[in-house]
Amino acid sequence: MARRPTIKDIARQAGVSESAVSFALNDRPGVSQDTRARIRRVAEELGWQPNSAARALSGERAGAVGLVLARPAHTLGVESFFLQLVSGIQEVLSAARTALLFQVVEDIDAECALYRRWWAERRVDGVLVVDPRTSDPRPALLEELALPAVTIGEAAPTGGSGAGVEAGAGSGSGGVASGTLSSVRADDAGAMAQVLDHLHGLGHRRISHIAGLPGLAHTVRRMDSLRTEAARRGLGADQVRSVVTDYSDAEGAAATRRVLAERRPPTALVYDNDVMAVAGRAVAAELGIPVPGRLSIVAWDDSALCRVTHPRLTALVRDTAGFGRLAAEELLAVLAGSPPGVRISEQPRLEPRESTAPPPAHTES
């Protein structure tokens, strides 16, 4: 087995003391610029890398940030959102020579326990927090630990689900605990307004929203926005409502079957991700319901799935990788000494395609 090069090896080859090597590699005064450059060149030639455990014990940075997903594992494999988000995060971190420590856990309690362990072991310099909850213990914990963090996605407004939401949707107030954590936010309310503008303009008056996990703040925010936008257009809870799922294709399909079996089924369906939208399209085909002849479909997140399905699905197009880049940039800025702040991501835009059209005249009479 090859032996890892040490500071002693670098000192021997560079013809300097071990303390000079330590000064040079840790950007400390005590050596000339020429000596510092020579030591670093020798270290690179030998393939030397700092020992992260030793750096942590000395109080230096770990050179890594953490990302934890507390979601059912079966919902992650087919959803493109997180892959795009992580690609954007990694793009920024890689350029900054910062590692991404990624882990999937079973629930929010396990996520909190992991943060405590990472903090105790000094494994990460900060964390990126996804899926803000309606009642979220993580911001207070991270402040208690003084662990720098960026929450990806703003918290839900106070006052959760109400009329028009299928049983099981949670509610409550969320948000960053105080002013010590940064956040990167998306305008879900504006996005939902675009969707309702499009469907209402086509003549749809019975619309069902196939939503995601009920405990997530953005799920509640989208459901609240749906009700607000529906009410602005004179549509009641008996016409426009949300049904919660776990984001999977199986539950998306099951929810689609339930709403299409109703006495007065919706003429338009809005899905919280691309996977559920494609599953819903398959259910409609199985039931002999033409899209968009009798049923219009909108996907919240655009992806290749939306563009290769027949008919192509109308979808909200947003720069998810850019969302990840923004979050990583904010965390690196905080680690470099900038004050925590709030950054707003680019506004999504609705891309109308062949899956949406006016409903048959008799269905909205």
# chains A, B, ... in the order shown; residues from 1 in each chain; ligands from 1
>>> select_by_dssp(residues="segment 21-155 of chain A", states="strand (DSSP E)", output="PyMOL selection string")
chain A and resi 64-70+99-105+126-129+149-152
>>> residues_around(residues="Cys112 of chain A", least_positions_apart="2", cutoff="9 Å", atoms="only C-alpha atoms", output="PDB file with N, CA and C atoms, in the first residue's frame")
ATOM      1  N   ASP A 107     -35.525  10.628   8.900  1.00  0.00           N
ATOM      2  CA  ASP A 107     -36.468  11.639   9.362  1.00  0.00           C
ATOM      3  C   ASP A 107     -35.720  12.849   9.913  1.00  0.00           C
ATOM      4  N   ILE A 108     -36.491  13.851  10.332  1.00  0.00           N
ATOM      5  CA  ILE A 108     -35.911  15.108  10.784  1.00  0.00           C
ATOM      6  C   ILE A 108     -35.129  14.942  12.086  1.00  0.00           C
ATOM      7  N   ASP A 109     -35.543  14.019  12.947  1.00  0.00           N
ATOM      8  CA  ASP A 109     -34.793  13.773  14.184  1.00  0.00           C
ATOM      9  C   ASP A 109     -33.396  13.240  13.873  1.00  0.00           C
ATOM     10  N   ALA A 110     -33.329  12.333  12.902  1.00  0.00           N
ATOM     11  CA  ALA A 110     -32.025  11.793  12.506  1.00  0.00           C
ATOM     12  C   ALA A 110     -31.163  12.882  11.879  1.00  0.00           C
ATOM     13  N   LEU A 114     -27.536  14.138  13.266  1.00  0.00           N
ATOM     14  CA  LEU A 114     -26.365  14.171  12.395  1.00  0.00           C
ATOM     15  C   LEU A 114     -25.670  15.533  12.477  1.00  0.00           C
ATOM     16  N   TYR A 115     -26.450  16.601  12.524  1.00  0.00           N
ATOM     17  CA  TYR A 115     -25.842  17.926  12.678  1.00  0.00           C
ATOM     18  C   TYR A 115     -25.040  18.001  13.975  1.00  0.00           C
ATOM     19  N   ARG A 116     -25.589  17.458  15.048  1.00  0.00           N
ATOM     20  CA  ARG A 116     -24.855  17.479  16.326  1.00  0.00           C
ATOM     21  C   ARG A 116     -23.546  16.700  16.217  1.00  0.00           C
ATOM     22  N   ARG A 117     -23.571  15.564  15.533  1.00  0.00           N
ATOM     23  CA  ARG A 117     -22.354  14.765  15.410  1.00  0.00           C
ATOM     24  C   ARG A 117     -21.324  15.477  14.538  1.00  0.00           C
ATOM     25  N   PRO A 137     -37.477  22.227  13.710  1.00  0.00           N
ATOM     26  CA  PRO A 137     -36.534  22.385  14.825  1.00  0.00           C
ATOM     27  C   PRO A 137     -35.116  22.729  14.389  1.00  0.00           C
ATOM     28  N   ARG A 138     -34.820  22.665  13.105  1.00  0.00           N
ATOM     29  CA  ARG A 138     -33.432  22.779  12.658  1.00  0.00           C
ATOM     30  C   ARG A 138     -32.833  24.181  12.804  1.00  0.00           C
ATOM     31  N   LEU A 141     -31.683  24.704  16.359  1.00  0.00           N
ATOM     32  CA  LEU A 141     -30.545  23.829  16.672  1.00  0.00           C
ATOM     33  C   LEU A 141     -29.257  24.380  16.072  1.00  0.00           C
ATOM     34  N   LEU A 142     -29.312  24.799  14.812  1.00  0.00           N
ATOM     35  CA  LEU A 142     -28.114  25.286  14.143  1.00  0.00           C
ATOM     36  C   LEU A 142     -27.609  26.574  14.791  1.00  0.00           C
TER      37      LEU A 142
END
>>> closest_residue(among="A:Ala140, A:Leu350, A:Leu226, A:Leu331", to="Leu93 of chain A", atoms="only C-alpha atoms")
A:Leu331
>>> closest_residue(among="A:Ser32, A:Gln194, A:Gln13, A:Thr98", to="Ala230 of chain A", atoms="only C-alpha atoms")
A:Gln194
>>> closest_residue(among="A:Pro359, A:Gly215, A:Gly293, A:Pro266", to="Thr245 of chain A", atoms="only C-alpha atoms")
A:Gly215
>>> closest_residue(among="A:Asn273, A:Asp27, A:Val127, A:Glu354", to="Glu143 of chain A", atoms="only C-alpha atoms")
A:Val127
>>> closest_residue(among="A:Arg61, A:Val92, A:Val31, A:Arg307", to="Glu329 of chain A", atoms="only C-alpha atoms")
A:Val92
>>> atom_distance(atom1="atom CA of Gly190 of chain A", atom2="atom CA of Asp274 of chain A")
18.9 Å
>>> closest_residue(among="A:Glu121, A:Glu229, A:Asp238, A:Glu286", to="Thr256 of chain A", atoms="only C-alpha atoms")
A:Glu286
>>> residues_around(residues="Val68 of chain A", least_positions_apart="5", cutoff="9 Å", atoms="only C-alpha atoms", output="CSV table (one decimal) with all heavy atoms, in the first residue's frame")
chain,number,residue,atom,x,y,z
A,101,LEU,N,-20.3,17.0,1.8
A,101,LEU,CA,-20.6,15.8,2.6
A,101,LEU,C,-22.1,15.6,2.5
A,101,LEU,O,-22.9,16.4,3.1
A,101,LEU,CB,-20.1,16.0,4.0
A,101,LEU,CG,-20.2,14.8,4.9
A,101,LEU,CD1,-19.5,13.6,4.3
A,101,LEU,CD2,-19.7,15.1,6.3
A,102,PHE,N,-22.6,14.6,1.8
A,102,PHE,CA,-24.0,14.4,1.5
A,102,PHE,C,-24.5,13.1,2.2
A,102,PHE,O,-23.8,12.1,2.2
A,102,PHE,CB,-24.2,14.2,0.0
A,102,PHE,CG,-25.6,13.9,-0.4
A,102,PHE,CD1,-26.6,14.8,-0.4
A,102,PHE,CD2,-25.9,12.6,-0.8
A,102,PHE,CE1,-27.9,14.5,-0.8
A,102,PHE,CE2,-27.2,12.3,-1.2
A,102,PHE,CZ,-28.2,13.2,-1.2
A,103,GLN,N,-25.7,13.2,2.8
A,103,GLN,CA,-26.2,12.0,3.5
A,103,GLN,C,-27.7,12.0,3.5
A,103,GLN,O,-28.3,13.1,3.6
A,103,GLN,CB,-25.7,11.9,5.0
A,103,GLN,CG,-26.0,10.6,5.6
A,103,GLN,CD,-25.1,10.3,6.8
A,103,GLN,OE1,-24.0,10.9,6.9
A,103,GLN,NE2,-25.6,9.5,7.7
A,104,VAL,N,-28.3,10.9,3.3
A,104,VAL,CA,-29.8,10.7,3.3
A,104,VAL,C,-30.2,10.0,4.6
A,104,VAL,O,-29.5,9.0,5.0
A,104,VAL,CB,-30.3,9.9,2.1
A,104,VAL,CG1,-31.8,9.7,2.2
A,104,VAL,CG2,-30.0,10.5,0.8
A,105,VAL,N,-31.1,10.6,5.4
A,105,VAL,CA,-31.6,10.0,6.7
A,105,VAL,C,-33.1,9.8,6.6
A,105,VAL,O,-33.8,10.2,5.7
A,105,VAL,CB,-31.2,10.9,7.8
A,105,VAL,CG1,-29.7,11.0,7.9
A,105,VAL,CG2,-31.8,12.3,7.7
A,111,GLU,N,-31.8,13.8,11.2
A,111,GLU,CA,-31.0,14.9,10.6
A,111,GLU,C,-30.4,15.8,11.7
A,111,GLU,O,-29.3,16.2,11.6
A,111,GLU,CB,-31.9,15.7,9.7
A,111,GLU,CG,-31.2,16.9,9.0
A,111,GLU,CD,-32.1,17.6,8.0
A,111,GLU,OE1,-33.2,17.1,7.6
A,111,GLU,OE2,-31.7,18.7,7.6
A,114,LEU,N,-27.5,14.1,13.3
A,114,LEU,CA,-26.4,14.2,12.4
A,114,LEU,C,-25.7,15.5,12.5
A,114,LEU,O,-24.4,15.6,12.5
A,114,LEU,CB,-26.8,13.9,11.0
A,114,LEU,CG,-25.6,13.8,9.9
A,114,LEU,CD1,-24.6,12.7,10.3
A,114,LEU,CD2,-26.2,13.5,8.5
A,115,TYR,N,-26.4,16.6,12.5
A,115,TYR,CA,-25.8,17.9,12.7
A,115,TYR,C,-25.0,18.0,14.0
A,115,TYR,O,-23.9,18.6,14.0
A,115,TYR,CB,-26.9,19.0,12.7
A,115,TYR,CG,-27.6,19.3,11.4
A,115,TYR,CD1,-28.9,19.7,11.3
A,115,TYR,CD2,-26.9,19.1,10.2
A,115,TYR,CE1,-29.5,19.9,10.1
A,115,TYR,CE2,-27.5,19.3,9.0
A,115,TYR,CZ,-28.8,19.7,8.9
A,115,TYR,OH,-29.4,20.0,7.7
A,127,VAL,N,-23.6,24.1,6.8
A,127,VAL,CA,-24.6,23.2,6.1
A,127,VAL,C,-25.6,23.9,5.3
A,127,VAL,O,-25.9,25.1,5.5
A,127,VAL,CB,-25.3,22.3,7.2
A,127,VAL,CG1,-24.4,21.4,7.9
A,127,VAL,CG2,-26.1,23.2,8.1
A,128,LEU,N,-26.0,23.2,4.3
A,128,LEU,CA,-27.1,23.6,3.4
A,128,LEU,C,-28.4,22.8,3.8
A,128,LEU,O,-28.4,21.6,3.8
A,128,LEU,CB,-26.8,23.4,1.9
A,128,LEU,CG,-25.6,24.1,1.4
A,128,LEU,CD1,-25.0,23.5,0.1
A,128,LEU,CD2,-26.0,25.6,1.2
A,129,VAL,N,-29.4,23.6,4.2
A,129,VAL,CA,-30.6,22.9,4.7
A,129,VAL,C,-31.8,23.0,3.7
A,129,VAL,O,-32.2,24.1,3.3
A,129,VAL,CB,-31.1,23.6,6.0
A,129,VAL,CG1,-32.3,23.0,6.6
A,129,VAL,CG2,-29.9,23.7,7.0
A,130,VAL,N,-32.3,21.8,3.3
A,130,VAL,CA,-33.3,21.8,2.3
A,130,VAL,C,-34.7,21.4,3.0
A,130,VAL,O,-34.7,20.9,4.1
A,130,VAL,CB,-33.0,20.8,1.2
A,130,VAL,CG1,-31.8,21.2,0.4
A,130,VAL,CG2,-32.8,19.4,1.8
>>> select_by_dssp(residues="segment 106-143 of chain A", states="helix (DSSP H, G or I)", output="list in words")
Ile108, Asp109, Ala110, Glu111, Cys112, Ala113, Leu114, Tyr115, Arg116, Arg117, Trp118, Trp119, Ala120, Glu121, Arg138, Pro139, Ala140, Leu141, Leu142 and Glu143 of chain A
>>> residues_around(residues="Phe82 of chain A", least_positions_apart="3", cutoff="12 Å", atoms="only C-alpha atoms", output="ChimeraX atom specification")
/A:67-69,71,75-79,85-90,102,104,130-131,152,273,301,320-321,323-324
>>> write_last_selection(atoms="N, CA, C and O atoms", output="short mmCIF file (atom, residue, chain, number, x, y, z; two decimals), in the first residue's frame")
data_model
loop_
_atom_site.label_atom_id
_atom_site.label_comp_id
_atom_site.auth_asym_id
_atom_site.auth_seq_id
_atom_site.Cartn_x
_atom_site.Cartn_y
_atom_site.Cartn_z
N LEU A 67 -24.83 18.48 3.48
CA LEU A 67 -26.19 18.51 2.92
C LEU A 67 -26.88 17.22 3.32
O LEU A 67 -26.38 16.13 3.01
N VAL A 68 -27.99 17.32 4.02
CA VAL A 68 -28.74 16.15 4.50
C VAL A 68 -30.13 16.17 3.90
O VAL A 68 -30.81 17.20 3.90
N LEU A 69 -30.58 15.03 3.40
CA LEU A 69 -31.95 14.88 2.91
C LEU A 69 -32.70 13.94 3.84
O LEU A 69 -32.29 12.80 4.03
N ARG A 71 -35.88 12.48 3.59
CA ARG A 71 -37.05 12.14 2.76
C ARG A 71 -37.08 10.64 2.55
O ARG A 71 -36.04 9.98 2.62
N THR A 75 -38.45 8.14 -2.97
CA THR A 75 -38.93 9.30 -3.71
C THR A 75 -37.79 10.07 -4.37
O THR A 75 -38.04 10.98 -5.15
N LEU A 76 -36.55 9.71 -4.09
CA LEU A 76 -35.42 10.49 -4.58
C LEU A 76 -34.87 9.98 -5.90
O LEU A 76 -34.33 10.76 -6.69
N GLY A 77 -34.98 8.69 -6.15
CA GLY A 77 -34.32 8.11 -7.30
C GLY A 77 -34.85 8.59 -8.63
O GLY A 77 -34.12 8.60 -9.62
N VAL A 78 -36.13 8.99 -8.69
CA VAL A 78 -36.71 9.36 -9.98
C VAL A 78 -36.96 10.86 -10.09
O VAL A 78 -37.41 11.34 -11.12
N GLU A 79 -36.68 11.62 -9.06
CA GLU A 79 -36.97 13.05 -9.08
C GLU A 79 -35.73 13.82 -9.52
O GLU A 79 -34.65 13.70 -8.94
N LEU A 85 -30.22 20.40 -8.33
CA LEU A 85 -29.82 21.26 -7.23
C LEU A 85 -28.39 20.95 -6.79
O LEU A 85 -27.56 21.86 -6.62
N VAL A 86 -28.09 19.67 -6.60
CA VAL A 86 -26.76 19.26 -6.15
C VAL A 86 -25.71 19.59 -7.20
O VAL A 86 -24.58 19.97 -6.87
N SER A 87 -26.06 19.49 -8.48
CA SER A 87 -25.09 19.82 -9.53
C SER A 87 -24.69 21.28 -9.45
O SER A 87 -23.51 21.63 -9.63
N GLY A 88 -25.66 22.16 -9.16
CA GLY A 88 -25.35 23.57 -9.01
C GLY A 88 -24.51 23.85 -7.77
O GLY A 88 -23.56 24.64 -7.81
N ILE A 89 -24.85 23.19 -6.67
CA ILE A 89 -24.08 23.32 -5.44
C ILE A 89 -22.64 22.87 -5.66
O ILE A 89 -21.68 23.56 -5.30
N GLN A 90 -22.49 21.71 -6.28
CA GLN A 90 -21.16 21.14 -6.49
C GLN A 90 -20.31 22.00 -7.42
O GLN A 90 -19.09 22.09 -7.26
N PHE A 102 -22.57 14.57 1.83
CA PHE A 102 -24.00 14.35 1.55
C PHE A 102 -24.48 13.09 2.24
O PHE A 102 -23.80 12.06 2.20
N VAL A 104 -28.34 10.85 3.29
CA VAL A 104 -29.80 10.70 3.33
C VAL A 104 -30.15 10.01 4.64
O VAL A 104 -29.54 9.01 5.01
N VAL A 130 -32.27 21.82 3.32
CA VAL A 130 -33.34 21.76 2.33
C VAL A 130 -34.65 21.36 2.99
O VAL A 130 -34.70 20.94 4.14
N ASP A 131 -35.72 21.53 2.23
CA ASP A 131 -37.07 21.14 2.67
C ASP A 131 -37.45 21.76 4.01
O ASP A 131 -37.73 21.05 4.99
N ILE A 152 -32.49 26.46 2.07
CA ILE A 152 -32.86 26.53 0.67
C ILE A 152 -34.38 26.44 0.56
O ILE A 152 -34.98 25.39 0.77
N ASN A 273 -44.47 17.86 -9.10
CA ASN A 273 -43.20 17.55 -9.76
C ASN A 273 -43.47 16.85 -11.09
O ASN A 273 -44.61 16.48 -11.42
N ASP A 301 -42.30 21.31 -12.05
CA ASP A 301 -40.91 21.37 -12.48
C ASP A 301 -40.76 20.79 -13.87
O ASP A 301 -41.18 19.67 -14.15
N THR A 320 -32.99 25.31 -11.61
CA THR A 320 -32.76 24.62 -10.34
C THR A 320 -31.27 24.55 -10.01
O THR A 320 -30.87 24.71 -8.85
N ALA A 321 -30.44 24.31 -11.02
CA ALA A 321 -29.00 24.31 -10.78
C ALA A 321 -28.55 25.69 -10.30
O ALA A 321 -27.70 25.81 -9.41
N PHE A 323 -30.33 27.72 -8.59
CA PHE A 323 -30.79 27.80 -7.20
C PHE A 323 -29.72 27.20 -6.28
O PHE A 323 -29.39 27.76 -5.23
N GLY A 324 -29.17 26.05 -6.69
CA GLY A 324 -28.11 25.43 -5.91
C GLY A 324 -26.85 26.27 -5.88
O GLY A 324 -26.19 26.40 -4.83
#
>>> residues_around(residues="Ser338 of chain A", least_positions_apart="3", cutoff="12 Å", atoms="only C-alpha atoms", output="NGL selection string")
:A and (148 or 180-182 or 329-335 or 341)
>>> atom_distance(atom1="atom CA of His218 of chain A", atom2="atom CA of His204 of chain A")
24.4 Å
>>> atom_distance(atom1="atom CA of Val283 of chain A", atom2="atom CA of Ala211 of chain A")
16.7 Å
>>> residues_around(residues="Val317 of chain A", least_positions_apart="4", cutoff="12 Å", atoms="only C-alpha atoms", output="PDB file with N, CA, C and O atoms, in the first residue's frame")
ATOM      1  N   PHE A  81     -35.229  17.103  -9.487  1.00  0.00           N
ATOM      2  CA  PHE A  81     -34.959  18.363  -8.798  1.00  0.00           C
ATOM      3  C   PHE A  81     -33.667  18.308  -7.997  1.00  0.00           C
ATOM      4  O   PHE A  81     -32.805  19.192  -8.117  1.00  0.00           O
ATOM      5  N   ALA A 191     -45.246  31.775  -8.891  1.00  0.00           N
ATOM      6  CA  ALA A 191     -45.325  30.665  -9.836  1.00  0.00           C
ATOM      7  C   ALA A 191     -46.751  30.116  -9.909  1.00  0.00           C
ATOM      8  O   ALA A 191     -47.268  29.842 -10.997  1.00  0.00           O
ATOM      9  N   GLN A 194     -48.986  32.250 -11.979  1.00  0.00           N
ATOM     10  CA  GLN A 194     -48.838  32.015 -13.419  1.00  0.00           C
ATOM     11  C   GLN A 194     -49.647  30.804 -13.869  1.00  0.00           C
ATOM     12  O   GLN A 194     -50.294  30.826 -14.925  1.00  0.00           O
ATOM     13  N   VAL A 195     -49.613  29.749 -13.066  1.00  0.00           N
ATOM     14  CA  VAL A 195     -50.351  28.530 -13.416  1.00  0.00           C
ATOM     15  C   VAL A 195     -51.848  28.805 -13.457  1.00  0.00           C
ATOM     16  O   VAL A 195     -52.547  28.420 -14.409  1.00  0.00           O
ATOM     17  N   ASN A 273     -44.470  17.857  -9.100  1.00  0.00           N
ATOM     18  CA  ASN A 273     -43.202  17.545  -9.758  1.00  0.00           C
ATOM     19  C   ASN A 273     -43.469  16.852 -11.090  1.00  0.00           C
ATOM     20  O   ASN A 273     -44.607  16.484 -11.415  1.00  0.00           O
ATOM     21  N   ASP A 274     -42.411  16.670 -11.855  1.00  0.00           N
ATOM     22  CA  ASP A 274     -42.531  16.096 -13.187  1.00  0.00           C
ATOM     23  C   ASP A 274     -42.898  14.623 -13.154  1.00  0.00           C
ATOM     24  O   ASP A 274     -43.664  14.143 -13.996  1.00  0.00           O
ATOM     25  N   VAL A 298     -50.480  20.236 -15.908  1.00  0.00           N
ATOM     26  CA  VAL A 298     -49.349  21.146 -15.715  1.00  0.00           C
ATOM     27  C   VAL A 298     -48.395  20.513 -14.707  1.00  0.00           C
ATOM     28  O   VAL A 298     -48.828  20.027 -13.657  1.00  0.00           O
ATOM     29  N   ALA A 299     -47.097  20.535 -15.010  1.00  0.00           N
ATOM     30  CA  ALA A 299     -46.069  20.051 -14.078  1.00  0.00           C
ATOM     31  C   ALA A 299     -45.376  21.250 -13.443  1.00  0.00           C
ATOM     32  O   ALA A 299     -45.067  22.230 -14.126  1.00  0.00           O
ATOM     33  N   TRP A 300     -45.133  21.156 -12.130  1.00  0.00           N
ATOM     34  CA  TRP A 300     -44.468  22.263 -11.444  1.00  0.00           C
ATOM     35  C   TRP A 300     -43.021  22.419 -11.900  1.00  0.00           C
ATOM     36  O   TRP A 300     -42.542  23.528 -12.120  1.00  0.00           O
ATOM     37  N   ASP A 301     -42.303  21.313 -12.053  1.00  0.00           N
ATOM     38  CA  ASP A 301     -40.905  21.367 -12.478  1.00  0.00           C
ATOM     39  C   ASP A 301     -40.758  20.794 -13.875  1.00  0.00           C
ATOM     40  O   ASP A 301     -41.178  19.669 -14.146  1.00  0.00           O
ATOM     41  N   ASP A 302     -40.136  21.555 -14.750  1.00  0.00           N
ATOM     42  CA  ASP A 302     -39.865  21.062 -16.093  1.00  0.00           C
ATOM     43  C   ASP A 302     -38.676  20.097 -16.060  1.00  0.00           C
ATOM     44  O   ASP A 302     -37.818  20.179 -15.182  1.00  0.00           O
ATOM     45  N   SER A 303     -38.661  19.166 -16.997  1.00  0.00           N
ATOM     46  CA  SER A 303     -37.550  18.220 -17.126  1.00  0.00           C
ATOM     47  C   SER A 303     -37.665  17.550 -18.486  1.00  0.00           C
ATOM     48  O   SER A 303     -38.625  17.776 -19.236  1.00  0.00           O
ATOM     49  N   ALA A 304     -36.680  16.700 -18.783  1.00  0.00           N
ATOM     50  CA  ALA A 304     -36.742  15.947 -20.035  1.00  0.00           C
ATOM     51  C   ALA A 304     -37.990  15.079 -20.098  1.00  0.00           C
ATOM     52  O   ALA A 304     -38.560  14.869 -21.172  1.00  0.00           O
ATOM     53  N   CYS A 306     -40.963  15.807 -19.106  1.00  0.00           N
ATOM     54  CA  CYS A 306     -42.080  16.629 -19.583  1.00  0.00           C
ATOM     55  C   CYS A 306     -41.994  16.873 -21.082  1.00  0.00           C
ATOM     56  O   CYS A 306     -43.023  16.982 -21.763  1.00  0.00           O
ATOM     57  N   ARG A 307     -40.780  16.930 -21.593  1.00  0.00           N
ATOM     58  CA  ARG A 307     -40.593  17.281 -22.998  1.00  0.00           C
ATOM     59  C   ARG A 307     -40.663  16.087 -23.938  1.00  0.00           C
ATOM     60  O   ARG A 307     -40.864  16.265 -25.151  1.00  0.00           O
ATOM     61  N   LEU A 313     -45.680  18.181 -21.889  1.00  0.00           N
ATOM     62  CA  LEU A 313     -46.387  18.748 -20.752  1.00  0.00           C
ATOM     63  C   LEU A 313     -46.049  20.219 -20.529  1.00  0.00           C
ATOM     64  O   LEU A 313     -44.876  20.609 -20.498  1.00  0.00           O
ATOM     65  N   ALA A 321     -30.445  24.312 -11.019  1.00  0.00           N
ATOM     66  CA  ALA A 321     -29.004  24.310 -10.777  1.00  0.00           C
ATOM     67  C   ALA A 321     -28.549  25.689 -10.302  1.00  0.00           C
ATOM     68  O   ALA A 321     -27.700  25.810  -9.414  1.00  0.00           O
ATOM     69  N   GLU A 346     -34.160  33.249  -9.238  1.00  0.00           N
ATOM     70  CA  GLU A 346     -34.819  33.722 -10.456  1.00  0.00           C
ATOM     71  C   GLU A 346     -36.270  33.243 -10.499  1.00  0.00           C
ATOM     72  O   GLU A 346     -36.587  32.110 -10.143  1.00  0.00           O
ATOM     73  N   GLN A 347     -37.170  34.136 -10.941  1.00  0.00           N
ATOM     74  CA  GLN A 347     -38.598  33.805 -11.026  1.00  0.00           C
ATOM     75  C   GLN A 347     -38.846  32.701 -12.054  1.00  0.00           C
ATOM     76  O   GLN A 347     -38.367  32.799 -13.190  1.00  0.00           O
ATOM     77  N   PRO A 348     -39.558  31.615 -11.693  1.00  0.00           N
ATOM     78  CA  PRO A 348     -39.896  30.596 -12.690  1.00  0.00           C
ATOM     79  C   PRO A 348     -40.821  31.177 -13.760  1.00  0.00           C
ATOM     80  O   PRO A 348     -41.511  32.175 -13.530  1.00  0.00           O
ATOM     81  N   ARG A 349     -40.847  30.543 -14.914  1.00  0.00           N
ATOM     82  CA  ARG A 349     -41.769  30.979 -15.964  1.00  0.00           C
ATOM     83  C   ARG A 349     -42.524  29.759 -16.484  1.00  0.00           C
ATOM     84  O   ARG A 349     -41.965  28.662 -16.603  1.00  0.00           O
ATOM     85  N   LEU A 350     -43.790  29.960 -16.771  1.00  0.00           N
ATOM     86  CA  LEU A 350     -44.607  28.862 -17.278  1.00  0.00           C
ATOM     87  C   LEU A 350     -44.364  28.704 -18.774  1.00  0.00           C
ATOM     88  O   LEU A 350     -44.402  29.679 -19.531  1.00  0.00           O
ATOM     89  N   GLU A 351     -44.115  27.469 -19.192  1.00  0.00           N
ATOM     90  CA  GLU A 351     -43.908  27.136 -20.599  1.00  0.00           C
ATOM     91  C   GLU A 351     -45.130  26.348 -21.092  1.00  0.00           C
ATOM     92  O   GLU A 351     -45.238  25.137 -20.853  1.00  0.00           O
ATOM     93  N   PRO A 352     -46.081  27.021 -21.753  1.00  0.00           N
ATOM     94  CA  PRO A 352     -47.267  26.302 -22.253  1.00  0.00           C
ATOM     95  C   PRO A 352     -46.870  25.343 -23.384  1.00  0.00           C
ATOM     96  O   PRO A 352     -46.125  25.709 -24.292  1.00  0.00           O
ATOM     97  N   ARG A 353     -47.365  24.106 -23.267  1.00  0.00           N
ATOM     98  CA  ARG A 353     -47.125  23.109 -24.314  1.00  0.00           C
ATOM     99  C   ARG A 353     -48.451  22.438 -24.659  1.00  0.00           C
ATOM    100  O   ARG A 353     -49.519  22.971 -24.353  1.00  0.00           O
TER     101      ARG A 353
END
